[in-house]
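Peer 1: Shown below is the structure under consideration.
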Amino acid sequence: MLVLITYDVSTLDTSGKKRLRKVAKECVNYGQRVQNSVFECILDASQTLILKDKLTSLIDMEQDSLRFYYLGNNYKTKIEHFGIKKSYDPEDVLMI
């Protein structure tokens, strides 16, 4: 299923900047960055639980925000893209 992950990490101090880097790095391991703090991830139920656990352990619940949007398997009809960045198919081959 497609899961959209968004986060807002307070970077007023050095510990916040460190948390921000860790959250972004963890999200890169699971999906594609589509905007600064937004990732599209194709995950199954167990991957979702693992990632949610990792990310909630990294953020400060008093200062940061983390959101998961579950778009499901039929996500292509739920996404519209306009503007500069060309859209991609998250289930297509990823070349590194």
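Chains: A, B, ... in order of the structure tokens. Residues: from 1 per chain. Ligands: from 1, in order shown.
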Excluding same-chain residues fewer than 2 positions from Phe39 of chain A, what lies within 7 Å of it counting only C-alpha atoms, as number ranges by chain?

Peer 2: A: 4-6, 27, 31-34, 37, 41

Peer 1: Just N, CA, C and O atoms for this one: save the residues we selected as a PDB file, in the first residue's frame.

Peer 2:
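As written to disk, selection_27.pdb reads:
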ATOM      1  N   LEU A   4       1.846   7.858   2.730  1.00  0.00           N
ATOM      2  CA  LEU A   4       2.452   9.178   2.660  1.00  0.00           C
ATOM      3  C   LEU A   4       2.868   9.559   4.073  1.00  0.00           C
ATOM      4  O   LEU A   4       2.047   9.537   4.992  1.00  0.00           O
ATOM      5  N   ILE A   5       4.148   9.862   4.248  1.00  0.00           N
ATOM      6  CA  ILE A   5       4.669  10.222   5.568  1.00  0.00           C
ATOM      7  C   ILE A   5       5.112  11.673   5.525  1.00  0.00           C
ATOM      8  O   ILE A   5       5.874  12.077   4.652  1.00  0.00           O
ATOM      9  N   THR A   6       4.597  12.455   6.471  1.00  0.00           N
ATOM     10  CA  THR A   6       4.989  13.859   6.582  1.00  0.00           C
ATOM     11  C   THR A   6       5.468  14.105   8.000  1.00  0.00           C
ATOM     12  O   THR A   6       5.007  13.470   8.947  1.00  0.00           O
ATOM     13  N   CYS A  27      13.420   7.699   6.587  1.00  0.00           N
ATOM     14  CA  CYS A  27      12.392   7.707   5.540  1.00  0.00           C
ATOM     15  C   CYS A  27      12.977   7.366   4.172  1.00  0.00           C
ATOM     16  O   CYS A  27      12.336   6.671   3.380  1.00  0.00           O
ATOM     17  N   GLY A  31      11.308   4.899   1.209  1.00  0.00           N
ATOM     18  CA  GLY A  31      10.518   5.489   0.138  1.00  0.00           C
ATOM     19  C   GLY A  31      11.220   6.608  -0.592  1.00  0.00           C
ATOM     20  O   GLY A  31      12.430   6.806  -0.479  1.00  0.00           O
ATOM     21  N   GLN A  32      10.436   7.367  -1.326  1.00  0.00           N
ATOM     22  CA  GLN A  32      10.915   8.436  -2.188  1.00  0.00           C
ATOM     23  C   GLN A  32      10.499   9.786  -1.617  1.00  0.00           C
ATOM     24  O   GLN A  32       9.328   9.997  -1.322  1.00  0.00           O
ATOM     25  N   ARG A  33      11.475  10.690  -1.468  1.00  0.00           N
ATOM     26  CA  ARG A  33      11.153  12.051  -1.029  1.00  0.00           C
ATOM     27  C   ARG A  33      10.456  12.758  -2.189  1.00  0.00           C
ATOM     28  O   ARG A  33      10.963  12.785  -3.303  1.00  0.00           O
ATOM     29  N   VAL A  34       9.280  13.321  -1.914  1.00  0.00           N
ATOM     30  CA  VAL A  34       8.550  14.063  -2.943  1.00  0.00           C
ATOM     31  C   VAL A  34       8.505  15.551  -2.643  1.00  0.00           C
ATOM     32  O   VAL A  34       8.256  16.355  -3.541  1.00  0.00           O
ATOM     33  N   SER A  37       9.758  17.546   3.494  1.00  0.00           N
ATOM     34  CA  SER A  37       9.444  16.685   4.636  1.00  0.00           C
ATOM     35  C   SER A  37       8.281  15.749   4.331  1.00  0.00           C
ATOM     36  O   SER A  37       7.457  15.450   5.186  1.00  0.00           O
ATOM     37  N   CYS A  41       5.886   6.079   0.348  1.00  0.00           N
ATOM     38  CA  CYS A  41       6.492   4.773   0.621  1.00  0.00           C
ATOM     39  C   CYS A  41       5.515   3.662   0.269  1.00  0.00           C
ATOM     40  O   CYS A  41       4.347   3.725   0.642  1.00  0.00           O
TER      41      CYS A  41
END

Peer 1: Where in chain A does DSSP assign strand (DSSP E or B), given as an NGL selection string?

Peer 2: :A and (2-8 or 32-35 or 38-42 or 65-72)

Peer 1: What does the distance between atom CA of Lys18 of chain A and atom CA of Thr56 of chain A come to in Å, to one decimal place?

Peer 2: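 Atom CA of Thr56 of chain A lies at a distance of 14.6 Å from atom CA of Lys18 of chain A.
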
Peer 1: How many Å lie between atom CA of Asp64 of chain A and atom CA of Gln47 of chain A, rounded to one decimal?

Peer 2: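 We find that atom CA of Asp64 of chain A and atom CA of Gln47 of chain A lie 22.2 Å from each other.
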
Peer 1: If we count only C-alpha atoms and set the cut-off at 12 Å, which residues sit around Asp44 of chain A, ignoring sequence neighbours fewer than 2 positions away in its own chain? Please answer as a list of chain:residue names.

Peer 2: A:Met1, A:Leu2, A:Val3, A:Tyr30, A:Cys41, A:Ile42, A:Ser46, A:Gln47, A:Thr48, A:Leu49, A:Ile50, A:Leu51, A:Tyr70, A:Gly72, A:Asn73

Peer 1: Restricting it to N, CA, C and O atoms, dump the selection as a PDB file, in the first residue's frame.

Peer 2:
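Once everything was written out, this is result_28.pdb:
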ATOM      1  N   MET A   1       0.835  -1.172   0.000  1.00  0.00           N
ATOM      2  CA  MET A   1       0.000   0.000   0.000  1.00  0.00           C
ATOM      3  C   MET A   1       0.883   1.240   0.000  1.00  0.00           C
ATOM      4  O   MET A   1       2.023   1.199   0.471  1.00  0.00           O
ATOM      5  N   LEU A   2       0.354   2.326  -0.544  1.00  0.00           N
ATOM      6  CA  LEU A   2       1.095   3.577  -0.544  1.00  0.00           C
ATOM      7  C   LEU A   2       0.813   4.317   0.760  1.00  0.00           C
ATOM      8  O   LEU A   2      -0.343   4.509   1.140  1.00  0.00           O
ATOM      9  N   VAL A   3       1.874   4.689   1.444  1.00  0.00           N
ATOM     10  CA  VAL A   3       1.773   5.454   2.687  1.00  0.00           C
ATOM     11  C   VAL A   3       2.520   6.762   2.474  1.00  0.00           C
ATOM     12  O   VAL A   3       3.677   6.761   2.062  1.00  0.00           O
ATOM     13  N   TYR A  30      12.966   3.799   3.147  1.00  0.00           N
ATOM     14  CA  TYR A  30      11.691   3.147   2.868  1.00  0.00           C
ATOM     15  C   TYR A  30      10.932   3.711   1.676  1.00  0.00           C
ATOM     16  O   TYR A  30       9.976   3.097   1.221  1.00  0.00           O
ATOM     17  N   CYS A  41       5.886   6.079   0.348  1.00  0.00           N
ATOM     18  CA  CYS A  41       6.492   4.773   0.621  1.00  0.00           C
ATOM     19  C   CYS A  41       5.515   3.662   0.269  1.00  0.00           C
ATOM     20  O   CYS A  41       4.347   3.725   0.642  1.00  0.00           O
ATOM     21  N   ILE A  42       5.989   2.666  -0.461  1.00  0.00           N
ATOM     22  CA  ILE A  42       5.200   1.461  -0.700  1.00  0.00           C
ATOM     23  C   ILE A  42       5.582   0.481   0.411  1.00  0.00           C
ATOM     24  O   ILE A  42       6.714   0.004   0.463  1.00  0.00           O
ATOM     25  N   SER A  46       3.611  -4.975   8.011  1.00  0.00           N
ATOM     26  CA  SER A  46       4.717  -5.117   8.966  1.00  0.00           C
ATOM     27  C   SER A  46       5.768  -4.027   8.773  1.00  0.00           C
ATOM     28  O   SER A  46       6.307  -3.508   9.753  1.00  0.00           O
ATOM     29  N   GLN A  47       6.056  -3.651   7.536  1.00  0.00           N
ATOM     30  CA  GLN A  47       7.005  -2.556   7.290  1.00  0.00           C
ATOM     31  C   GLN A  47       6.476  -1.241   7.873  1.00  0.00           C
ATOM     32  O   GLN A  47       7.245  -0.452   8.414  1.00  0.00           O
ATOM     33  N   THR A  48       5.184  -1.042   7.755  1.00  0.00           N
ATOM     34  CA  THR A  48       4.571   0.170   8.295  1.00  0.00           C
ATOM     35  C   THR A  48       4.756   0.240   9.806  1.00  0.00           C
ATOM     36  O   THR A  48       5.135   1.284  10.345  1.00  0.00           O
ATOM     37  N   LEU A  49       4.505  -0.862  10.489  1.00  0.00           N
ATOM     38  CA  LEU A  49       4.677  -0.884  11.944  1.00  0.00           C
ATOM     39  C   LEU A  49       6.129  -0.648  12.355  1.00  0.00           C
ATOM     40  O   LEU A  49       6.405   0.091  13.301  1.00  0.00           O
ATOM     41  N   ILE A  50       7.051  -1.260  11.629  1.00  0.00           N
ATOM     42  CA  ILE A  50       8.476  -1.091  11.934  1.00  0.00           C
ATOM     43  C   ILE A  50       8.891   0.361  11.739  1.00  0.00           C
ATOM     44  O   ILE A  50       9.542   0.956  12.604  1.00  0.00           O
ATOM     45  N   LEU A  51       8.508   0.947  10.606  1.00  0.00           N
ATOM     46  CA  LEU A  51       8.884   2.331  10.330  1.00  0.00           C
ATOM     47  C   LEU A  51       8.238   3.291  11.324  1.00  0.00           C
ATOM     48  O   LEU A  51       8.893   4.213  11.816  1.00  0.00           O
ATOM     49  N   TYR A  70      -2.598   6.817   4.823  1.00  0.00           N
ATOM     50  CA  TYR A  70      -2.685   5.504   4.197  1.00  0.00           C
ATOM     51  C   TYR A  70      -3.546   5.617   2.941  1.00  0.00           C
ATOM     52  O   TYR A  70      -4.765   5.716   3.022  1.00  0.00           O
ATOM     53  N   GLY A  72      -3.510   3.352   0.437  1.00  0.00           N
ATOM     54  CA  GLY A  72      -3.930   2.031  -0.010  1.00  0.00           C
ATOM     55  C   GLY A  72      -3.255   1.566  -1.286  1.00  0.00           C
ATOM     56  O   GLY A  72      -2.280   2.151  -1.758  1.00  0.00           O
ATOM     57  N   ASN A  73      -3.799   0.508  -1.862  1.00  0.00           N
ATOM     58  CA  ASN A  73      -3.229  -0.075  -3.074  1.00  0.00           C
ATOM     59  C   ASN A  73      -3.743   0.594  -4.342  1.00  0.00           C
ATOM     60  O   ASN A  73      -3.110   0.521  -5.381  1.00  0.00           O
TER      61      ASN A  73
END

Peer 1: Got a sec: who's within 8 Å of Ile59 of chain A, counting only C-alpha atoms, leaving out chain neighbours fewer than 5 positions off, as a compact mmCIF listing (two decimals) with C-alpha atoms, in the first residue's frame?

Peer 2:
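The result, stored in out_33.txt:
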# COMPACT_ATOMS: atom_id res chain seq x y z
CA VAL A 9 10.72 18.60 13.37
CA ARG A 19 16.48 14.55 14.93
CA VAL A 23 14.02 11.10 10.53
CA ASP A 64 7.73 17.56 16.62
CA SER A 65 4.92 16.24 14.46

Peer 1: Which of these, A:Tyr69, A:Tyr75, A:Ile84, A:Gln63, has the shortest distance to Asp13 of chain A once you count only C-alpha atoms?

Peer 2: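 Among the listed residues, A:Gln63 lies closest to Asp13 of chain A.
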
Peer 1: For the alpha helix (DSSP H) assignment from backbone DSSP, which residues of chain A qualify? Please present them as a list in words.

Peer 2: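 Reading the DSSP output for chain A, alpha helix (DSSP H) covers Thr14, Ser15, Gly16, Lys17, Lys18, Arg19, Leu20, Arg21, Lys22, Val23, Ala24, Lys25, Glu26, Cys27, Val28, Ala45, Ser46, Gln47, Thr48, Leu49, Ile50, Leu51, Lys52, Asp53, Lys54, Leu55, Thr56, Ser57 and Leu58 of chain A.
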
Peer 1: Using only C-alpha atoms, which of A:Leu12, A:Leu55, A:Met61, A:Ala45 sits nearest Val28 of chain A?

Peer 2: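 Of the candidates, the smallest distance to Val28 of chain A is held by A:Leu55.
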
Peer 1: Rounded to one decimal, what separation in Å do you get between atom CA of Lys25 of chain A and atom CA of Leu43 of chain A?

Peer 2: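 These atoms are spaced 16.6 Å apart.
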